[in-house]
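> run34.txt is reproduced in full below (compact mmCIF, C-alpha atoms and all ligand atoms).
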```
# COMPACT_ATOMS: atom_id res chain seq x y z
CA MET A 1 0.00 0.00 0.00
CA ALA A 2 1.21 3.53 -0.81
CA THR A 3 2.27 5.92 1.93
CA GLY A 4 1.91 9.70 2.07
CA ALA A 5 3.91 12.39 3.86
CA GLY A 6 5.27 11.27 7.24
CA GLY A 7 4.94 7.59 6.29
CA VAL A 8 1.14 7.61 6.87
CA MET A 9 -0.75 4.94 4.88
CA SER A 10 -2.60 6.55 2.01
CA LEU A 11 -6.21 5.84 1.00
CA GLY A 12 -6.93 5.28 -2.69
CA PHE A 13 -10.28 6.27 -4.21
CA GLU A 14 -11.37 5.12 -7.66
CA ILE A 15 -14.33 7.04 -9.04
CA PHE A 16 -16.27 5.54 -11.97
CA THR A 17 -18.32 8.14 -13.81
CA LEU A 18 -19.45 9.49 -17.17
CA PHE A 19 -18.17 12.93 -16.08
CA PRO A 20 -14.60 12.71 -14.72
CA GLU A 21 -14.19 16.45 -15.22
CA ALA A 22 -17.08 17.13 -12.80
CA VAL A 23 -15.14 15.64 -9.89
CA ALA A 24 -11.61 16.75 -10.83
CA GLY A 25 -12.04 20.49 -10.10
CA PHE A 26 -13.48 19.97 -6.63
CA LEU A 27 -10.66 17.67 -5.58
CA GLN A 28 -7.98 20.26 -6.34
CA ALA A 29 -9.33 22.81 -3.86
CA GLY A 30 -8.73 23.28 -0.14
CA LEU A 31 -7.75 20.51 2.25
CA MET A 32 -8.61 17.78 -0.29
CA GLY A 33 -6.12 19.25 -2.77
CA LYS A 34 -3.47 19.42 -0.04
CA ALA A 35 -4.15 15.83 1.07
CA ILE A 36 -3.71 14.62 -2.52
CA THR A 37 -0.49 16.61 -2.97
CA ALA A 38 0.86 15.25 0.32
CA GLY A 39 -0.04 11.71 -0.80
CA HIS A 40 -2.46 11.04 2.08
CA ILE A 41 -5.15 10.21 -0.43
CA SER A 42 -5.18 9.49 -4.14
CA VAL A 43 -8.13 9.71 -6.53
CA HIS A 44 -8.24 7.94 -9.88
CA THR A 45 -11.20 8.48 -12.20
CA THR A 46 -12.43 6.10 -14.90
CA ASN A 47 -15.00 6.90 -17.58
CA PHE A 48 -17.51 4.10 -18.19
CA ARG A 49 -17.67 5.22 -21.82
CA GLU A 50 -14.15 3.93 -22.48
CA PHE A 51 -15.50 0.45 -21.77
CA ALA A 52 -18.47 0.56 -24.15
CA SER A 53 -18.26 -2.21 -26.73
CA ASP A 54 -19.75 -0.51 -29.81
CA ARG A 55 -18.24 2.15 -32.02
CA HIS A 56 -20.71 4.80 -30.79
CA ARG A 57 -19.51 4.19 -27.21
CA THR A 58 -23.07 3.56 -26.03
CA VAL A 59 -23.45 3.23 -22.23
CA ASP A 60 -27.24 3.54 -21.84
CA ASP A 61 -30.30 1.67 -22.98
CA THR A 62 -34.09 1.62 -22.48
CA PRO A 63 -35.56 -0.23 -19.46
CA TYR A 64 -37.25 -3.61 -19.91
CA GLY A 65 -40.96 -3.31 -19.17
CA GLY A 66 -41.03 0.30 -20.33
CA GLY A 67 -40.86 3.47 -18.28
CA ALA A 68 -39.27 6.87 -18.51
CA GLY A 69 -35.61 7.49 -19.27
CA MET A 70 -32.57 5.35 -19.92
CA LEU A 71 -30.46 3.08 -17.74
CA LEU A 72 -26.70 2.55 -17.55
CA LYS A 73 -25.92 -0.76 -19.25
CA PRO A 74 -24.22 -3.27 -16.91
CA GLY A 75 -21.51 -4.25 -19.42
CA PRO A 76 -19.45 -1.02 -19.53
CA VAL A 77 -19.89 -0.46 -15.78
CA VAL A 78 -18.61 -3.88 -14.75
CA ALA A 79 -15.86 -3.85 -17.41
CA ALA A 80 -14.59 -0.52 -16.03
CA LEU A 81 -14.54 -1.97 -12.52
CA GLU A 82 -12.71 -5.12 -13.54
CA HIS A 83 -10.17 -3.13 -15.51
CA ALA A 84 -9.32 -0.96 -12.50
CA VAL A 85 -8.93 -4.01 -10.25
CA ALA A 86 -6.64 -5.71 -12.78
CA ALA A 87 -4.58 -2.53 -13.27
CA ARG A 88 -4.32 -1.19 -9.70
CA GLY A 89 -5.47 -3.92 -7.35
CA PRO A 90 -8.58 -4.93 -5.36
CA MET A 91 -10.90 -2.40 -3.76
CA HIS A 92 -14.10 -2.17 -1.72
CA THR A 93 -16.80 -1.12 -4.20
CA VAL A 94 -19.78 1.17 -3.50
CA MET A 95 -22.64 1.79 -5.93
CA LEU A 96 -24.38 5.13 -5.40
CA THR A 97 -28.15 5.18 -5.70
CA PRO A 98 -31.02 6.78 -3.77
CA ALA A 99 -32.43 3.25 -3.32
CA ALA A 100 -29.93 2.25 -0.64
CA PRO A 101 -29.09 2.66 3.04
CA THR A 102 -28.07 6.20 3.94
CA PHE A 103 -24.41 7.08 4.16
CA ASP A 104 -23.69 8.58 7.58
CA GLN A 105 -20.78 9.31 9.90
CA ARG A 106 -20.73 5.72 11.11
CA ALA A 107 -20.39 4.49 7.51
CA ALA A 108 -17.68 7.12 6.93
CA ARG A 109 -15.73 5.80 9.92
CA ARG A 110 -16.10 2.23 8.67
CA LEU A 111 -14.98 3.06 5.14
CA ALA A 112 -12.08 5.21 6.38
CA THR A 113 -10.42 2.05 7.71
CA LEU A 114 -10.11 0.58 4.18
CA PRO A 115 -7.08 0.96 1.91
CA ARG A 116 -8.95 1.33 -1.40
CA ILE A 117 -12.53 2.32 -2.23
CA GLY A 118 -14.23 2.27 -5.64
CA ILE A 119 -17.29 4.52 -6.06
CA LEU A 120 -19.71 4.05 -8.96
CA CYS A 121 -21.69 7.13 -10.01
CA GLY A 122 -25.02 6.57 -11.74
CA ARG A 123 -26.53 8.77 -14.46
CA TYR A 124 -29.83 8.76 -16.38
CA GLU A 125 -32.38 6.74 -14.36
CA GLY A 126 -29.57 4.79 -12.69
CA PHE A 127 -27.85 1.43 -13.10
CA ASP A 128 -29.16 -1.84 -14.50
CA ASP A 129 -29.99 -3.50 -11.15
CA ARG A 130 -27.61 -6.42 -11.75
CA VAL A 131 -24.70 -4.07 -11.03
CA ARG A 132 -25.72 -4.43 -7.34
CA ASP A 133 -24.51 -8.03 -7.52
CA CYS A 134 -21.07 -6.91 -8.72
CA VAL A 135 -20.34 -4.44 -5.88
CA ASP A 136 -19.75 -4.74 -2.15
CA GLU A 137 -22.47 -2.33 -1.07
CA CYS A 138 -24.92 0.35 -2.22
CA LEU A 139 -25.24 3.74 -0.52
CA SER A 140 -27.43 6.84 -0.83
CA ILE A 141 -26.47 10.26 0.49
CA GLY A 142 -30.05 11.12 1.45
CA ASP A 143 -33.71 10.92 0.64
CA PHE A 144 -33.65 13.03 -2.52
CA VAL A 145 -32.76 12.36 -6.13
CA LEU A 146 -29.77 13.93 -7.89
CA ASN A 147 -29.15 13.94 -11.63
CA GLY A 148 -26.17 11.68 -11.10
CA GLY A 149 -23.84 10.22 -8.49
CA GLU A 150 -20.91 12.61 -8.93
CA VAL A 151 -21.91 15.04 -6.17
CA ALA A 152 -22.71 12.06 -3.94
CA ALA A 153 -19.26 10.56 -4.68
CA LEU A 154 -17.59 13.80 -3.62
CA VAL A 155 -19.61 13.75 -0.41
CA LEU A 156 -18.28 10.27 0.36
CA VAL A 157 -14.70 11.11 -0.59
CA GLU A 158 -14.58 14.21 1.60
CA ALA A 159 -16.36 12.68 4.60
CA ILE A 160 -14.13 9.58 4.50
CA ALA A 161 -10.83 11.27 3.64
CA ARG A 162 -11.04 13.83 6.45
CA LEU A 163 -11.08 10.98 8.97
CA ARG A 164 -7.70 9.74 7.75
CA GLN A 165 -4.58 10.69 9.60
CA GLY A 166 -2.81 13.71 8.11
CA VAL A 167 -5.78 15.06 6.12
CA LEU A 168 -7.07 17.60 8.67
CA GLY A 169 -4.80 20.28 10.08
CA ASN A 170 -6.26 19.79 13.58
CA PRO A 171 -7.47 16.24 14.23
CA GLU A 172 -8.94 17.45 17.57
CA SER A 173 -11.85 18.99 15.65
CA ILE A 174 -13.11 15.55 14.62
CA ALA A 175 -13.56 14.59 18.25
CA HIS A 176 -16.09 17.35 18.99
CA GLU A 177 -18.19 17.69 15.87
CA SER A 178 -21.69 16.31 15.27
CA PHE A 179 -21.90 12.50 15.22
CA ALA A 180 -18.44 12.27 16.77
CA GLU A 181 -17.80 8.88 18.28
CA THR A 182 -17.93 9.20 22.05
CA GLY A 183 -17.80 5.49 22.69
CA GLY A 184 -20.71 3.16 22.11
CA ASP A 185 -23.30 4.18 19.60
CA ASP A 186 -23.73 7.81 20.55
CA ARG A 187 -24.88 10.14 17.86
CA TRP A 188 -25.47 13.67 19.01
CA LEU A 189 -25.64 16.89 17.08
CA GLU A 190 -22.91 19.27 18.09
CA PRO A 191 -23.71 22.15 20.45
CA PRO A 192 -23.86 25.78 19.23
CA HIS A 193 -20.58 27.64 18.71
CA PHE A 194 -19.99 31.41 18.88
CA THR A 195 -17.21 33.82 18.05
CA ARG A 196 -16.78 37.59 18.46
CA PRO A 197 -18.59 39.98 18.85
CA VAL A 198 -20.03 39.05 22.21
CA VAL A 199 -23.36 40.72 21.30
CA PHE A 200 -24.66 40.52 17.73
CA ARG A 201 -28.01 42.14 16.90
CA GLY A 202 -28.98 41.95 20.53
CA LEU A 203 -28.06 38.26 20.82
CA GLU A 204 -25.44 37.62 23.47
CA VAL A 205 -23.01 34.70 23.58
CA PRO A 206 -24.11 32.49 26.54
CA LYS A 207 -22.44 33.75 29.72
CA VAL A 208 -20.99 30.34 30.59
CA LEU A 209 -18.92 30.34 27.36
CA GLN A 210 -17.57 33.79 28.15
CA GLY A 211 -16.18 32.60 31.48
CA GLY A 212 -13.23 30.31 32.04
CA ASN A 213 -14.92 27.50 33.97
CA HIS A 214 -13.99 24.51 31.82
CA ARG A 215 -16.19 22.05 33.68
CA ALA A 216 -19.19 24.35 33.35
CA ILE A 217 -18.43 24.85 29.64
CA ALA A 218 -18.16 21.10 29.05
CA ARG A 219 -21.45 20.53 30.87
CA TYR A 220 -23.15 23.36 28.90
CA ARG A 221 -22.00 21.80 25.62
CA GLN A 222 -23.16 18.32 26.58
CA VAL A 223 -26.58 19.55 27.66
CA GLU A 224 -26.99 21.66 24.51
CA ALA A 225 -25.99 18.70 22.31
CA TRP A 226 -28.68 16.66 24.06
CA ARG A 227 -31.27 19.47 23.78
CA ARG A 228 -30.55 20.04 20.07
CA THR A 229 -30.64 16.40 19.13
CA TRP A 230 -33.98 15.90 20.83
CA ALA A 231 -35.40 19.08 19.34
CA LEU A 232 -34.10 18.73 15.79
CA ARG A 233 -33.24 15.08 15.10
CA PRO A 234 -34.71 12.83 17.83
CA GLN A 235 -34.37 9.80 15.54
CA LEU A 236 -30.59 10.15 15.81
CA ARG A 237 -30.40 9.58 19.54
CA PRO A 238 -28.58 6.46 20.69
CA ARG A 239 -31.00 3.67 21.49
CA LEU A 240 -30.45 3.77 25.22
CA ARG A 241 -32.60 1.84 27.62
CA LEU A 242 -32.56 1.03 31.28
CA CYS A 243 -31.41 -2.54 31.68
CA ASP A 244 -33.56 -4.93 33.70
CA GLU A 245 -30.87 -5.36 36.35
CA GLN A 246 -30.09 -1.65 36.71
CA PRO A 247 -29.74 -0.87 40.45
CA LEU A 248 -32.65 1.46 41.21
CA TYR A 249 -33.27 3.38 44.39
CA CYS A 250 -36.06 5.73 45.31
CA LEU A 251 -35.93 8.44 47.89
CA ALA A 252 -39.49 8.83 49.13
CA PRO A 253 -41.52 9.13 52.35
CA GLY A 254 -41.36 5.93 54.40
CA GLU A 255 -45.05 5.13 53.97
CA LEU A 256 -44.48 4.58 50.25
CA ALA A 257 -41.82 1.91 50.85
CA ASP A 258 -44.06 -1.01 49.86
CA THR A 259 -45.23 0.64 46.66
CA ILE A 260 -41.65 1.42 45.74
CA LYS A 261 -40.46 -2.12 46.48
CA SER A 262 -43.24 -3.54 44.34
CA HIS A 263 -41.60 -1.87 41.35
CA GLY A 264 -38.20 -3.42 42.11
CA LEU A 265 -36.75 -0.21 43.54
CA GLU A 266 -35.02 -0.05 46.88
CA PRO A 267 -36.67 2.62 49.05
CA LEU A 268 -34.52 5.18 50.85
CA SER A 269 -36.08 7.31 53.55
CA GLY A 270 -35.22 9.29 56.62
CA PRO A 271 -32.87 12.25 56.39
CA ILE A 272 -30.54 11.34 53.57
CA ASP A 273 -27.02 12.62 53.42
CA ALA A 274 -26.28 12.68 49.68
CA LYS A 275 -22.53 12.35 50.17
CA ARG A 276 -22.87 9.34 52.43
CA VAL A 277 -25.35 7.62 50.09
CA ARG A 278 -23.03 8.29 47.17
CA LYS A 279 -20.17 6.64 49.02
CA GLN A 280 -22.27 3.63 50.02
CA LEU A 281 -23.69 3.04 46.56
CA THR A 282 -20.32 3.52 44.89
CA ARG A 283 -18.86 0.88 47.18
CA ARG A 284 -21.80 -1.47 46.57
CA HIS A 285 -22.02 -1.14 42.76
CA GLY A 286 -18.56 -0.04 41.73
CA CYS A 287 -19.80 3.22 40.23
CA ALA A 288 -21.24 6.47 41.50
CA PRO A 289 -25.03 6.90 41.54
CA ARG A 290 -26.82 9.29 39.22
CA TRP A 291 -29.64 11.28 40.77
CA VAL A 292 -32.90 12.00 38.97
CA GLY A 293 -35.76 14.07 40.34
CA LEU A 294 -39.31 12.93 39.77
CA GLY A 295 -41.50 16.02 39.58
CA LEU A 296 -45.14 15.26 40.11
CA GLY A 297 -46.38 18.63 38.97
CA GLY A 298 -47.82 21.57 40.86
CA GLY A 299 -45.93 23.06 43.73
CA ASN A 300 -42.84 20.95 43.18
CA PRO A 301 -39.32 22.29 43.50
CA THR A 302 -38.18 24.63 40.81
CA ALA A 303 -36.58 22.90 37.87
CA ALA A 304 -34.82 26.06 36.72
CA SER A 305 -31.52 24.86 38.15
CA VAL A 306 -31.59 21.44 36.44
CA PRO A 307 -32.79 20.34 33.02
CA ALA A 308 -36.31 18.93 33.17
CA SER A 309 -38.30 16.95 30.67
CA ALA A 310 -41.68 15.28 30.56
CA ASN A 311 -40.09 12.47 28.59
CA PRO A 312 -38.20 9.99 30.80
CA LYS A 313 -36.17 8.88 27.77
CA GLN A 314 -34.77 12.35 27.34
CA VAL A 315 -33.62 12.35 30.93
CA LEU A 316 -31.92 8.97 30.51
CA ASP A 317 -30.10 10.33 27.47
CA LEU A 318 -29.09 13.40 29.41
CA LEU A 319 -27.50 11.21 32.09
CA ALA A 320 -25.66 9.31 29.39
CA VAL A 321 -24.39 12.36 27.56
CA THR A 322 -23.21 14.06 30.74
CA GLY A 323 -21.29 11.15 32.20
CA ALA A 324 -20.76 7.46 32.60
CA LEU A 325 -23.92 5.37 32.56
CA SER A 326 -23.47 1.62 32.53
CA GLU A 327 -25.68 -1.31 33.45
CA GLN A 328 -24.18 -1.20 36.95
CA THR A 329 -24.74 2.51 37.52
CA PRO A 330 -27.19 2.97 40.39
CA ILE A 331 -29.96 5.44 39.67
CA VAL A 332 -31.62 7.22 42.57
CA LEU A 333 -35.08 8.57 41.83
CA VAL A 334 -35.93 11.43 44.17
CA LEU A 335 -39.64 12.13 44.61
CA ASP A 336 -40.27 15.84 44.73
CA GLN A 337 -42.34 15.54 47.87
CA VAL A 338 -39.31 14.72 49.97
CA ILE A 339 -37.48 17.91 49.07
CA ALA A 340 -37.49 20.42 51.85
CA SER A 341 -40.83 19.53 53.26
CA PRO A 342 -41.09 22.20 55.93
CA LYS A 343 -43.09 20.15 58.40
CA THR A 344 -41.12 16.94 58.48
CA ASP A 345 -37.58 15.84 57.95
CA GLU A 346 -38.64 12.49 56.60
CA GLY A 347 -36.81 11.70 53.41
CA ILE A 348 -35.12 15.08 53.27
CA LEU A 349 -32.13 15.06 50.98
CA THR A 350 -29.36 17.07 52.51
CA ASN A 351 -26.17 18.25 51.05
CA ALA A 352 -23.44 19.70 53.21
CA ALA A 353 -22.54 22.23 50.54
CA GLN A 354 -26.11 23.42 50.10
CA PRO A 355 -28.25 24.56 53.00
CA GLN A 356 -31.87 23.47 52.98
CA PRO A 357 -33.91 25.97 51.02
CA ASP A 358 -36.83 27.58 52.77
CA ALA A 359 -40.35 26.45 52.12
CA HIS A 360 -41.01 29.07 49.47
CA GLN A 361 -37.83 28.51 47.55
CA ARG A 362 -37.70 24.81 46.98
CA ARG A 363 -34.95 23.84 44.62
CA TRP A 364 -33.71 20.46 43.61
CA PRO A 365 -30.64 19.86 45.76
CA ALA A 366 -27.22 19.58 44.17
CA PRO A 367 -26.93 15.85 43.47
CA VAL A 368 -30.11 15.88 41.37
CA GLU A 369 -28.86 16.14 37.79
CA ALA A 370 -32.09 16.07 35.81
CA VAL A 371 -35.80 15.95 36.45
CA ILE A 372 -38.52 13.82 34.95
CA GLN A 373 -41.33 16.34 35.10
CA MET A 374 -44.64 14.52 35.05
CA SER A 375 -47.51 16.63 33.80
CA ALA A 376 -51.10 16.15 34.86
CA ASP A 377 -52.17 14.38 31.70
CA ALA A 378 -48.98 12.33 31.50
CA HIS A 379 -50.31 9.93 34.05
CA GLN A 380 -54.00 10.85 34.17
CA ILE A 381 -54.19 12.12 37.67
CA PRO A 382 -57.80 11.97 38.75
CA GLY A 383 -59.30 15.44 39.03
CA ARG A 384 -59.92 15.06 42.75
CA GLU A 385 -56.23 14.46 43.40
CA LEU A 386 -55.20 17.27 41.12
CA ALA A 387 -57.17 19.62 43.30
CA GLN A 388 -55.14 18.47 46.30
CA ARG A 389 -51.78 19.04 44.72
CA SER A 390 -51.24 22.45 46.29
CA GLN A 391 -51.24 20.70 49.65
CA ILE A 392 -48.40 18.40 48.78
CA TYR A 393 -45.92 20.19 51.01
CA GLU A 394 -48.21 21.19 53.76
CA SER A 395 -48.60 18.00 55.64
CA SER A 396 -46.39 15.34 57.09
CA GLN A 397 -48.96 12.76 55.97
CA PRO A 398 -48.54 10.98 52.63
CA ARG A 399 -48.81 13.90 50.29
CA VAL A 400 -49.36 12.04 47.09
CA PRO A 401 -51.50 8.93 47.26
CA GLY A 402 -49.64 5.63 46.93
CA GLU A 403 -51.72 4.52 43.96
CA TRP A 404 -50.73 7.66 42.12
CA ILE A 405 -47.02 7.01 42.71
CA ASP A 406 -47.71 3.46 41.62
CA GLN A 407 -49.02 4.68 38.25
CA VAL A 408 -46.18 7.14 37.80
CA LEU A 409 -43.47 4.58 38.55
CA SER A 410 -45.05 2.02 36.19
CA ARG A 411 -45.11 4.55 33.44
CA VAL A 412 -41.63 5.94 34.01
CA LEU A 413 -39.94 2.55 34.36
CA SER A 414 -41.65 0.95 31.38
CA THR A 415 -40.71 3.93 29.19
CA LEU A 416 -37.10 3.80 30.38
CA ARG A 417 -36.87 0.11 29.59
CA GLN A 418 -38.06 0.44 26.00
CA PRO A 419 -35.28 0.84 23.42
N1 LIG B 1 -27.83 9.37 -7.30
C1 LIG B 1 -28.95 10.11 -7.42
N2 LIG B 1 -29.42 10.49 -6.24
C2 LIG B 1 -28.59 9.95 -5.32
C3 LIG B 1 -28.57 9.96 -3.91
N3 LIG B 1 -29.52 10.59 -3.19
N4 LIG B 1 -27.57 9.32 -3.30
C4 LIG B 1 -26.63 8.68 -4.00
N5 LIG B 1 -26.61 8.61 -5.31
C5 LIG B 1 -27.58 9.25 -5.99
```
Would you write the structure of this file as structure tokens?


Amino acid sequence: MATGAGGVMSLGFEIFTLFPEAVAGFLQAGLMGKAITAGHISVHTTNFREFASDRHRTVDDTPYGGGAGMLLKPGPVVAALEHAVAARGPMHTVMLTPAAPTFDQRAARRLATLPRIGILCGRYEGFDDRVRDCVDECLSIGDFVLNGGEVAALVLVEAIARLRQGVLGNPESIAHESFAETGGDDRWLEPPHFTRPVVFRGLEVPKVLQGGNHRAIARYRQVEAWRRTWALRPQLRPRLRLCDEQPLYCLAPGELADTIKSHGLEPLSGPIDAKRVRKQLTRRHGCAPRWVGLGLGGGNPTAASVPASANPKQVLDLLAVTGALSEQTPIVLVLDQVIASPKTDEGILTNAAQPQPDAHQRRWPAPVEAVIQMSADAHQIPGRELAQRSQIYESSQPRVPGEWIDQVLSRVLSTLRQP
């Protein structure tokens, strides 16, 4: 295999097309041009027309069964492929067509590990379908139809080549962009980026990015990546689910212990020292617990300080994107009714670093990282109970009926366990 500058293995592309000139210009410009000059990648183009067998160099014909347009004949296409293999060696071959799985960053990473890639560009109404049997795979660049595969081929070449060592000036940038591999199957859109000026048309760069707190900046970026993916491309999210053996705990008033146990959660009650519980659970499970609030709506602690969502799946994803989350990671669900109940200390979650808020300023305490915010219609709270919600914090008696918690837990846990 050929090597480029610095002894780095080079990647060879072979592009098969009726329009070699359409791809040549693009490949001379910018970082692609530099990568070719440095020998990190090479691109060889072949015109199907050179492999036509008649004197008119015919490469297209009408479709059997009728229909609009012409098709690329299989003969010249496969002859071009075989010629390139005989002349320059074997390659992984890709036929471009809209009728194929979509090329994405994962496919780019897979293809970037190969030494040689052949890309077949269609024209007219596409290829005679038997060409599929002569290639390794078929790919589309999206759910739209182009006049031909040349633009799609350039998309593949650029997306694949930039993952090869030596092609990008700063390889660090790959690690942080959209769809970057963060281990596992994660696919998140990248968070927003800003440059000077600090205020543009009244829009200010988020304060956290203006400061120098690197942990806060990292957290901001992770949360925004999560927010954006869910808002713009929810189908991209990794298919996370709570595993059946996940250690689950629930911080709730003692009288709910049986209900909580019936869902396979271990109840925690009494004044809870978050630091101590963290230590205990870390020792027991080998990893630190993650804390999730369960907001039951109406009069619950303010969620302004932590991201909240009515969709339990979003919250699970948030935990994953902001830190380690394995099958052993204990998850502690904190019912909102145990936070700073002014009349009882039962189930109160304390945190040495954060004094208990007063009754009018209930906030989720520090260890709570995200909140599943149940809304009234999310679990069909009977109207009678809805009317009582304002009293949730005003009594040391069970403030939310056990059967209600029962419904909420069923719903939350079954949603979290679905892929
Ligand atoms: N040829 C025409 N449209 C295409 C698409 N969307 N992807 C790949 N090749 C194509």

> First collect every listed atom of ligand LIG 1 (chain B); then fit an axis-aligned box around them, widen it by 6 Å on each side, and give centre and edge lengths in Å to one decimal, as lines of an AutoDock Vina configuration file.


```
center_x = -28.1
center_y = 9.6
center_z = -5.3
size_x = 14.9
size_y = 14.0
size_z = 16.2
```

> Go through chain A residue by residue and, counting all atoms listed in the file, keep those with an atom at most 12 Å from ligand LIG 1 (chain B); for each kept residue give the shortest atom pair and its distance in Å to one decimal, ordered by chain and increasing number, as a tab-separated table.


```
residue	atom	partner	partner_atom	distance
A:Thr17	CA	B:LIG1	N1	11.6
A:Val94	CA	B:LIG1	C4	10.2
A:Met95	CA	B:LIG1	N5	7.9
A:Leu96	CA	B:LIG1	N5	4.1
A:Thr97	CA	B:LIG1	N5	3.8
A:Pro98	CA	B:LIG1	C3	4.0
A:Ala99	CA	B:LIG1	C3	7.8
A:Ala100	CA	B:LIG1	N4	7.9
A:Pro101	CA	B:LIG1	N4	9.3
A:Thr102	CA	B:LIG1	N4	7.9
A:Phe103	CA	B:LIG1	N4	8.4
A:Asp104	CA	B:LIG1	N4	11.6
A:Ile119	CA	B:LIG1	N5	10.2
A:Leu120	CA	B:LIG1	N5	9.0
A:Cys121	CA	B:LIG1	N5	7.0
A:Gly122	CA	B:LIG1	N1	6.0
A:Arg123	CA	B:LIG1	N1	7.3
A:Tyr124	CA	B:LIG1	C1	9.1
A:Glu125	CA	B:LIG1	C1	8.4
A:Gly126	CA	B:LIG1	N1	7.3
A:Phe127	CA	B:LIG1	N1	9.8
A:Cys138	CA	B:LIG1	C4	8.7
A:Leu139	CA	B:LIG1	C4	6.2
A:Ser140	CA	B:LIG1	N4	3.5
A:Ile141	CA	B:LIG1	N4	4.1
A:Gly142	CA	B:LIG1	N3	4.7
A:Asp143	CA	B:LIG1	N3	5.7
A:Phe144	CA	B:LIG1	N3	4.8
A:Val145	CA	B:LIG1	N2	3.8
A:Leu146	CA	B:LIG1	N2	3.8
A:Asn147	CA	B:LIG1	C1	5.7
A:Gly148	CA	B:LIG1	N1	4.7
A:Gly149	CA	B:LIG1	N1	4.2
A:Glu150	CA	B:LIG1	N1	7.8
A:Val151	CA	B:LIG1	N5	8.0
A:Ala152	CA	B:LIG1	C4	5.2
A:Ala153	CA	B:LIG1	N5	7.6
A:Leu154	CA	B:LIG1	C4	10.4
A:Val155	CA	B:LIG1	C4	9.4
A:Leu156	CA	B:LIG1	C4	9.6
```

> Between A:Arg239, A:Leu11, A:Ile217, A:Glu266, which is the closest to A:Ala252 once you count only C-alpha atoms?

A:Glu266

> Give me the residues near A:Ala24 as JSON, numbers by chain, where near means some atom within 10 Å (using all atoms listed in the file) and where sequence neighbours in that chain fewer than 6 positions away do not count.

{"A": [43, 44, 45, 154]}

> Would you work out the distance separating atom CA of A:Leu189 from atom CA of A:Ala370, expressed in Å to one decimal?

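Distance between the two atoms: 19.8 Å.
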
> Quick one: distance from atom CA of A:Gly254 to atom CA of A:Gly270 in Å, one decimal?

7.3 Å

> Which residue out of A:Arg283, A:His40, A:His263, A:Lys313 has the minimum interatomic distance to A:Leu409 when only C-alpha atoms are used?

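Under the stated criterion, the closest residue is A:His263.
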
> Stretch 204-209 of chain A: which residues within 12 Å, counting only C-alpha atoms, same-chain residues fewer than 4 positions away excluded, as a PyMOL selection string?

chain A and resi 191-200+213-221+224
